[in-house]
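Text of the file data-v8.csv, holding CSV, C-alpha atoms:
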```
chain,number,residue,atom,x,y,z
J,1,MET,CA,92.7,32.4,67.7
J,2,THR,CA,91.1,33.0,71.1
J,3,THR,CA,92.8,31.3,74.1
J,4,THR,CA,90.8,31.0,77.3
J,5,THR,CA,92.5,29.4,80.3
J,6,ILE,CA,90.6,27.9,83.2
J,7,PHE,CA,92.3,27.0,86.5
J,8,PHE,CA,90.2,24.4,88.3
J,9,VAL,CA,90.7,24.0,92.0
J,10,ARG,CA,89.2,21.7,94.6
J,11,HIS,CA,88.5,23.2,98.0
J,12,GLY,CA,91.0,22.7,100.8
J,13,GLN,CA,90.8,19.9,103.4
J,14,THR,CA,87.7,20.2,105.6
J,15,GLN,CA,86.7,19.0,109.0
J,16,TRP,CA,84.4,16.3,107.5
J,17,ASN,CA,87.2,15.1,105.2
J,18,LEU,CA,89.2,14.4,108.4
J,19,GLU,CA,86.2,12.7,110.1
J,20,GLN,CA,85.5,10.6,107.0
J,21,LYS,CA,82.0,12.1,106.5
J,22,MET,CA,80.4,12.7,103.1
J,23,GLN,CA,79.5,16.3,102.3
J,24,GLY,CA,77.8,16.8,99.0
J,25,HIS,CA,75.5,19.8,99.3
J,26,MET,CA,76.1,19.9,103.1
J,27,ASP,CA,79.2,21.6,104.4
J,28,SER,CA,82.0,21.7,107.0
J,29,PRO,CA,84.7,24.3,107.5
J,30,LEU,CA,88.2,24.2,106.2
J,31,THR,CA,90.7,22.8,108.7
J,32,PRO,CA,93.9,24.8,109.5
J,33,GLU,CA,95.7,22.4,107.1
J,34,GLY,CA,93.0,23.1,104.4
J,35,ARG,CA,93.7,26.8,104.8
J,36,ARG,CA,97.5,26.1,104.5
J,37,GLN,CA,96.9,24.1,101.3
J,38,ALA,CA,95.0,27.0,99.8
J,39,ALA,CA,97.6,29.5,100.8
J,40,ARG,CA,100.3,27.4,99.2
J,41,LEU,CA,98.3,27.3,96.0
J,42,ALA,CA,97.9,31.1,96.2
J,43,ASP,CA,101.7,31.4,96.4
J,44,ARG,CA,102.0,29.1,93.3
J,45,LEU,CA,99.5,31.2,91.3
J,46,HIS,CA,100.7,34.6,92.5
J,47,THR,CA,102.0,35.5,89.0
J,48,VAL,CA,98.7,34.7,87.3
J,49,LYS,CA,96.2,37.6,86.9
J,50,PHE,CA,92.7,36.3,87.1
J,51,ASP,CA,90.2,38.2,85.0
J,52,ALA,CA,87.3,36.4,86.7
J,53,ILE,CA,86.7,34.1,89.7
J,54,TYR,CA,83.9,31.6,89.9
J,55,ALA,CA,83.1,29.3,92.8
J,56,SER,CA,80.5,26.9,94.2
J,57,PRO,CA,78.4,28.7,96.8
J,58,SER,CA,79.3,26.0,99.4
J,59,PRO,CA,81.3,27.8,102.1
J,60,ARG,CA,84.3,25.4,101.8
J,61,ALA,CA,84.7,26.3,98.1
J,62,LEU,CA,84.0,30.0,98.6
J,63,THR,CA,86.6,30.3,101.4
J,64,THR,CA,89.2,28.5,99.3
J,65,ALA,CA,88.5,30.9,96.4
J,66,GLN,CA,89.0,33.9,98.7
J,67,ILE,CA,92.3,32.6,100.1
J,68,ILE,CA,93.7,31.8,96.6
J,69,SER,CA,92.6,35.1,95.0
J,70,GLY,CA,92.7,37.5,97.9
J,71,SER,CA,89.2,38.6,96.8
J,72,THR,CA,86.2,39.3,98.9
J,73,ALA,CA,83.1,37.0,98.5
J,74,GLU,CA,81.4,39.9,96.7
J,75,ASN,CA,83.9,39.7,93.8
J,76,ILE,CA,83.4,36.0,93.3
J,77,VAL,CA,80.7,34.7,90.9
J,78,LYS,CA,78.8,32.0,92.7
J,79,LEU,CA,77.3,29.3,90.5
J,80,ASP,CA,75.0,26.5,91.9
J,81,GLU,CA,76.1,24.4,88.9
J,82,LEU,CA,79.6,24.1,90.5
J,83,LYS,CA,78.3,22.5,93.7
J,84,GLU,CA,79.3,19.0,94.6
J,85,ILE,CA,77.1,16.1,93.5
J,86,HIS,CA,74.0,15.8,95.7
J,87,MET,CA,74.5,12.5,97.6
J,88,GLY,CA,71.1,12.1,99.1
J,89,LEU,CA,71.0,10.1,102.3
J,90,TRP,CA,74.8,9.8,102.4
J,91,GLU,CA,75.4,13.4,103.2
J,92,GLY,CA,76.6,13.9,106.8
J,93,GLN,CA,77.1,10.1,107.2
J,94,HIS,CA,80.4,8.4,108.0
J,95,VAL,CA,82.1,6.5,105.2
J,96,PRO,CA,82.3,3.1,107.0
J,97,ALA,CA,78.6,3.1,107.7
J,98,ILE,CA,77.8,4.0,104.1
J,99,GLN,CA,80.1,1.2,102.8
J,100,ASN,CA,78.5,-1.2,105.1
J,101,GLU,CA,74.9,-0.4,104.2
J,102,TYR,CA,75.3,0.6,100.5
J,103,ALA,CA,78.1,-1.6,99.3
J,104,GLU,CA,77.1,-1.8,95.7
J,105,GLU,CA,76.1,1.8,95.4
J,106,TRP,CA,79.4,2.8,97.0
J,107,GLU,CA,81.4,0.8,94.4
J,108,HIS,CA,79.4,2.3,91.6
J,109,PHE,CA,79.9,5.8,93.0
J,110,PHE,CA,83.7,5.6,92.6
J,111,GLU,CA,84.3,2.8,90.1
J,112,GLN,CA,81.3,2.7,87.7
J,113,PRO,CA,79.7,6.2,87.9
J,114,HIS,CA,77.4,5.5,84.9
J,115,LEU,CA,75.7,2.8,87.0
J,116,TYR,CA,75.4,4.9,90.3
J,117,ARG,CA,72.0,5.7,91.6
J,118,PRO,CA,71.7,7.9,94.7
J,119,SER,CA,70.0,6.8,97.9
J,120,GLY,CA,67.2,9.3,98.6
J,121,GLN,CA,66.9,12.7,96.9
J,122,GLY,CA,70.3,12.8,95.2
J,123,GLU,CA,71.8,13.2,91.8
J,124,THR,CA,73.1,10.8,89.2
J,125,TYR,CA,76.4,11.5,87.5
J,126,ALA,CA,74.6,12.2,84.2
J,127,GLU,CA,72.8,15.1,86.0
J,128,LEU,CA,76.0,16.3,87.6
J,129,LEU,CA,77.7,16.2,84.1
J,130,ASN,CA,74.9,18.3,82.5
J,131,ARG,CA,75.1,21.1,85.1
J,132,GLY,CA,78.9,21.0,85.3
J,133,VAL,CA,79.4,21.3,81.6
J,134,ALA,CA,76.7,24.0,81.4
J,135,ALA,CA,78.7,26.0,84.0
J,136,VAL,CA,82.0,25.6,82.1
J,137,GLU,CA,80.3,26.6,78.8
J,138,LYS,CA,78.8,29.7,80.4
J,139,ILE,CA,82.2,30.7,81.7
J,140,LEU,CA,83.7,30.2,78.3
J,141,GLN,CA,81.0,32.3,76.8
J,142,ASP,CA,81.4,35.1,79.3
J,143,CYS,CA,85.2,35.1,79.6
J,144,LYS,CA,86.6,34.6,76.1
J,145,GLY,CA,90.4,35.1,75.9
J,146,LYS,CA,90.7,35.4,79.7
J,147,ASN,CA,92.3,33.7,82.7
J,148,VAL,CA,89.6,32.3,85.0
J,149,LEU,CA,89.8,30.7,88.4
J,150,VAL,CA,87.1,28.1,89.2
J,151,VAL,CA,86.8,26.6,92.7
J,152,SER,CA,84.6,23.5,93.0
J,153,HIS,CA,84.5,20.0,94.5
J,154,ARG,CA,86.0,16.6,94.1
J,155,MET,CA,83.5,14.7,92.0
J,156,THR,CA,82.2,17.7,90.1
J,157,LEU,CA,85.8,18.5,89.0
J,158,LYS,CA,86.5,14.9,88.2
J,159,THR,CA,83.3,14.7,86.0
J,160,ILE,CA,84.2,18.0,84.2
J,161,MET,CA,87.8,16.9,83.6
J,162,ASN,CA,86.6,13.5,82.3
J,163,GLN,CA,84.3,15.2,79.9
J,164,TYR,CA,86.9,17.6,78.5
J,165,SER,CA,89.3,14.7,78.2
J,166,GLY,CA,86.9,13.3,75.6
J,167,LYS,CA,86.0,10.3,77.7
J,168,GLN,CA,82.7,8.7,78.5
J,169,LEU,CA,81.1,8.6,81.9
J,170,SER,CA,81.7,4.9,82.0
J,171,GLU,CA,85.5,5.6,81.8
J,172,MET,CA,85.6,8.1,84.7
J,173,GLY,CA,86.4,5.4,87.3
J,174,ASN,CA,89.9,5.1,85.7
J,175,LEU,CA,90.8,8.7,86.4
J,176,PRO,CA,93.0,9.5,89.4
J,177,ASP,CA,91.5,11.2,92.4
J,178,VAL,CA,91.3,15.0,92.7
J,179,PRO,CA,93.1,15.9,96.0
J,180,SER,CA,92.2,18.8,98.3
J,181,ALA,CA,93.3,22.2,97.0
J,182,SER,CA,94.8,20.6,93.9
J,183,LEU,CA,95.2,22.4,90.6
J,184,SER,CA,93.8,21.3,87.3
J,185,LYS,CA,94.1,23.5,84.1
J,186,ILE,CA,92.4,23.4,80.8
J,187,VAL,CA,93.4,25.7,77.9
J,188,PHE,CA,90.7,26.3,75.3
J,189,HIS,CA,92.0,27.3,71.9
J,190,ASN,CA,88.9,28.4,70.0
J,191,SER,CA,86.9,26.1,72.3
J,192,GLU,CA,89.2,23.1,71.7
J,193,PRO,CA,90.3,21.9,75.1
J,194,THR,CA,93.9,20.9,76.1
J,195,ILE,CA,94.3,19.6,79.6
J,196,GLU,CA,97.6,20.9,80.9
J,197,LEU,CA,97.3,19.9,84.6
J,198,TYR,CA,95.1,17.4,86.4
J,199,GLY,CA,94.8,17.2,90.2
J,200,ASP,CA,98.3,18.6,90.8
J,201,SER,CA,99.2,19.1,94.4
J,202,SER,CA,103.0,19.7,94.1
J,203,HIS,CA,102.6,23.1,95.8
J,204,TYR,CA,102.1,21.2,99.1
```
Show me, as C-alpha cells, the structure contained in the file I just sent.
Amino acid sequence: MTTTTIFFVRHGQTQWNLEQKMQGHMDSPLTPEGRRQAARLADRLHTVKFDAIYASPSPRALTTAQIISGSTAENIVKLDELKEIHMGLWEGQHVPAIQNEYAEEWEHFFEQPHLYRPSGQGETYAELLNRGVAAVEKILQDCKGKNVLVVSHRMTLKTIMNQYSGKQLSEMGNLPDVPSASLSKIVFHNSEPTIELYGDSSHY
C-alpha cells in the first residue's frame, strides 16, 4: 500500500485581512502576527520531513511556505492552480461595501457556493474546484508515498477539503472556516483520502 500525506496550510494573516479587504488574485503582505502564526506552525511541524513543497505563487502564500519549511522560493513548486478564487470586482474592496452592494452574491459566496456567480471577470466555485482538484491529483501523481506541504488560500482549501470529504459543492457552506496559518491534513492510502485534520490552529 502506498501512503501519501499532504499537509494543507492557509497563508498567515495579511494586511488586507486586518483591513477587511478581499484579496483573491490580488495580494497584501503578511502582518507581523501572520509571520508569528507561520513560525508557530513551523515549530509544530519541525519533526516532519517534507519531500516536496508546493505553494500558490501569490506572495502571501509563498512567504508562508518559506517560513514553515525554511526553504528558499526556488525550492518551492509554484502552481497557479493553488491560487485563491478569482473574485472579480470584489478584489481590493472593503467587505462592508461589498456586502452592501452585492448582498445576494455575498450570501451565495459563503453559504451557497454552488449558486455563486462572480461580479466581473471572476471564477465560479465549479471552476475553482476543477483547478484545485487538478493540482492535488498532480501532486499525488508526482509525490507517491511522500510527505508534501501545500500552502494555499482560504476558499481554495475549503473547496479542496470539501471535495475530498466526499461532499457536494452545495454542502460546502456547512463546513467550518479555514483560519489563517491553520493546518489541514489528508492521508491518501492508495488514493483513498482520510482527513486527519481540518483548519486546526491549536499551534497559536
(request) Tell me, as number ranges by chain, which residues lie within 10 Å of range 101-109 of chain J, counting only C-alpha atoms; anything in the same chain fewer than 2 positions away does not count. (result) J: 87, 90, 95-99, 111-119, 124-125, 155, 173
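The closest residue to Glu123 in chain J, picked from J:Asp177, J:Thr63, J:His86, J:Pro57 and counting only C-alpha atoms, is J:His86.
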Residues of range 155-196 of chain J that have any atom at most 9 Å from an atom of range 32-42 of chain J: could you tabulate them with the shortest-distance atom pair and the distance in Å to one decimal, using only C-alpha atoms, ordered by chain and increasing number, as JSON lines?
```
{"residue": "J:Ser180", "atom": "CA", "partner": "J:Gly34", "partner_atom": "CA", "distance": 7.5}
{"residue": "J:Ala181", "atom": "CA", "partner": "J:Ala38", "partner_atom": "CA", "distance": 5.8}
{"residue": "J:Ser182", "atom": "CA", "partner": "J:Leu41", "partner_atom": "CA", "distance": 7.8}
{"residue": "J:Leu183", "atom": "CA", "partner": "J:Leu41", "partner_atom": "CA", "distance": 7.9}
```
Mind dumping the selected residues with C-alpha atoms as a compact mmCIF listing (two decimals), in the coordinates of the input?
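Heads up, here's the output in selection-v9.txt:
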```txt
# COMPACT_ATOMS: atom_id res chain seq x y z
CA SER J 180 92.20 18.80 98.30
CA ALA J 181 93.30 22.20 97.00
CA SER J 182 94.80 20.60 93.90
CA LEU J 183 95.20 22.40 90.60
```
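Near Ile160 in chain J, within 9 Å and counting all atoms listed in the file, sit Leu129, Gly132, Val133, Val136, Met155 and Ser165 of chain J, not including residues fewer than 5 positions from it in the same chain.
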Write out the residues from the selection above, keeping C-alpha atoms, as a PDB file, in the coordinates of the input.
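Writing done, so here's out-v2.pdb:
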```
ATOM      1  CA  LEU J 129      77.700  16.200  84.100  1.00  0.00           C
ATOM      2  CA  GLY J 132      78.900  21.000  85.300  1.00  0.00           C
ATOM      3  CA  VAL J 133      79.400  21.300  81.600  1.00  0.00           C
ATOM      4  CA  VAL J 136      82.000  25.600  82.100  1.00  0.00           C
ATOM      5  CA  MET J 155      83.500  14.700  92.000  1.00  0.00           C
ATOM      6  CA  SER J 165      89.300  14.700  78.200  1.00  0.00           C
TER       7      SER J 165
END
```
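If all atoms listed in the file are the atoms counted, then among J:Gly145, J:Gly199, J:Pro176, J:Gly88 the closest residue to Ile6 in chain J is J:Gly145.
Counting from CA of Met26 in chain J, the distance to CA of Met161 in chain J is 22.9 Å.
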Between CA of Val178 in chain J and CA of Glu81 in chain J lies a distance of 18.3 Å
Generate all heavy atoms for range 162-173 of chain J and emit them as an mmCIF file, in the coordinates of the input.
```
data_model
loop_
_atom_site.group_PDB
_atom_site.id
_atom_site.type_symbol
_atom_site.label_atom_id
_atom_site.label_comp_id
_atom_site.auth_asym_id
_atom_site.auth_seq_id
_atom_site.Cartn_x
_atom_site.Cartn_y
_atom_site.Cartn_z
ATOM 1 N N ASN J 162 86.893 14.687 83.130
ATOM 2 C CA ASN J 162 86.600 13.500 82.300
ATOM 3 C C ASN J 162 85.992 13.874 80.986
ATOM 4 O O ASN J 162 86.392 13.406 79.916
ATOM 5 C CB ASN J 162 85.751 12.523 83.087
ATOM 6 C CG ASN J 162 85.562 11.196 82.386
ATOM 7 O OD1 ASN J 162 86.465 10.371 82.333
ATOM 8 N ND2 ASN J 162 84.373 10.970 81.842
ATOM 9 N N GLN J 163 84.999 14.750 81.071
ATOM 10 C CA GLN J 163 84.300 15.200 79.900
ATOM 11 C C GLN J 163 85.190 15.887 78.880
ATOM 12 O O GLN J 163 85.188 15.590 77.676
ATOM 13 C CB GLN J 163 83.115 16.105 80.266
ATOM 14 C CG GLN J 163 82.352 16.712 79.110
ATOM 15 C CD GLN J 163 81.519 15.694 78.339
ATOM 16 O OE1 GLN J 163 81.301 14.578 78.814
ATOM 17 N NE2 GLN J 163 81.053 16.078 77.161
ATOM 18 N N TYR J 164 86.001 16.820 79.379
ATOM 19 C CA TYR J 164 86.900 17.600 78.500
ATOM 20 C C TYR J 164 88.122 16.826 78.061
ATOM 21 O O TYR J 164 88.885 17.287 77.220
ATOM 22 C CB TYR J 164 87.181 18.967 79.082
ATOM 23 C CG TYR J 164 85.982 19.891 79.030
ATOM 24 C CD1 TYR J 164 85.176 20.097 80.141
ATOM 25 C CD2 TYR J 164 85.634 20.521 77.838
ATOM 26 C CE1 TYR J 164 84.062 20.909 80.078
ATOM 27 C CE2 TYR J 164 84.514 21.336 77.759
ATOM 28 C CZ TYR J 164 83.732 21.534 78.885
ATOM 29 O OH TYR J 164 82.608 22.337 78.808
ATOM 30 N N SER J 165 88.299 15.639 78.648
ATOM 31 C CA SER J 165 89.300 14.700 78.200
ATOM 32 C C SER J 165 88.820 13.903 76.978
ATOM 33 O O SER J 165 89.560 13.117 76.384
ATOM 34 C CB SER J 165 89.753 13.740 79.274
ATOM 35 O OG SER J 165 90.311 14.415 80.353
ATOM 36 N N GLY J 166 87.523 14.048 76.694
ATOM 37 C CA GLY J 166 86.900 13.300 75.600
ATOM 38 C C GLY J 166 86.501 11.905 75.963
ATOM 39 O O GLY J 166 86.291 11.061 75.092
ATOM 40 N N LYS J 167 86.361 11.651 77.272
ATOM 41 C CA LYS J 167 86.000 10.300 77.700
ATOM 42 C C LYS J 167 84.519 10.188 78.057
ATOM 43 O O LYS J 167 83.848 11.179 78.341
ATOM 44 C CB LYS J 167 86.826 9.932 78.974
ATOM 45 C CG LYS J 167 88.338 9.913 78.768
ATOM 46 C CD LYS J 167 89.037 9.445 80.025
ATOM 47 C CE LYS J 167 90.531 9.657 79.994
ATOM 48 N NZ LYS J 167 91.193 9.141 78.811
ATOM 49 N N GLN J 168 84.037 8.952 78.065
ATOM 50 C CA GLN J 168 82.700 8.700 78.500
ATOM 51 C C GLN J 168 82.569 8.570 79.981
ATOM 52 O O GLN J 168 83.556 8.306 80.663
ATOM 53 C CB GLN J 168 82.206 7.322 77.844
ATOM 54 C CG GLN J 168 82.214 7.292 76.331
ATOM 55 C CD GLN J 168 81.240 8.266 75.712
ATOM 56 O OE1 GLN J 168 80.078 8.338 76.108
ATOM 57 N NE2 GLN J 168 81.716 9.045 74.742
ATOM 58 N N LEU J 169 81.345 8.759 80.475
ATOM 59 C CA LEU J 169 81.100 8.600 81.900
ATOM 60 C C LEU J 169 81.535 7.279 82.443
ATOM 61 O O LEU J 169 82.061 7.155 83.557
ATOM 62 C CB LEU J 169 79.621 8.890 82.199
ATOM 63 C CG LEU J 169 79.212 9.429 83.563
ATOM 64 C CD1 LEU J 169 80.048 10.615 83.996
ATOM 65 C CD2 LEU J 169 77.737 9.788 83.546
ATOM 66 N N SER J 170 81.364 6.256 81.636
ATOM 67 C CA SER J 170 81.700 4.900 82.000
ATOM 68 C C SER J 170 83.227 4.720 82.248
ATOM 69 O O SER J 170 83.666 3.769 82.890
ATOM 70 C CB SER J 170 81.224 3.887 81.010
ATOM 71 O OG SER J 170 81.769 4.187 79.733
ATOM 72 N N GLU J 171 84.024 5.667 81.718
ATOM 73 C CA GLU J 171 85.500 5.600 81.800
ATOM 74 C C GLU J 171 86.024 6.378 83.028
ATOM 75 O O GLU J 171 87.210 6.298 83.348
ATOM 76 C CB GLU J 171 86.143 6.116 80.563
ATOM 77 C CG GLU J 171 85.765 5.380 79.294
ATOM 78 C CD GLU J 171 86.348 6.043 78.052
ATOM 79 O OE1 GLU J 171 87.489 5.691 77.686
ATOM 80 O OE2 GLU J 171 85.678 6.916 77.464
ATOM 81 N N MET J 172 85.159 7.134 83.696
ATOM 82 C CA MET J 172 85.600 8.100 84.700
ATOM 83 C C MET J 172 86.260 7.383 85.920
ATOM 84 O O MET J 172 87.131 7.941 86.587
ATOM 85 C CB MET J 172 84.483 8.975 85.172
ATOM 86 C CG MET J 172 84.945 10.176 85.967
ATOM 87 S SD MET J 172 83.597 11.326 86.294
ATOM 88 C CE MET J 172 82.900 10.631 87.783
ATOM 89 N N GLY J 173 85.836 6.160 86.199
ATOM 90 C CA GLY J 173 86.400 5.400 87.300
ATOM 91 C C GLY J 173 87.898 5.177 87.177
ATOM 92 O O GLY J 173 88.586 4.906 88.170
#
```
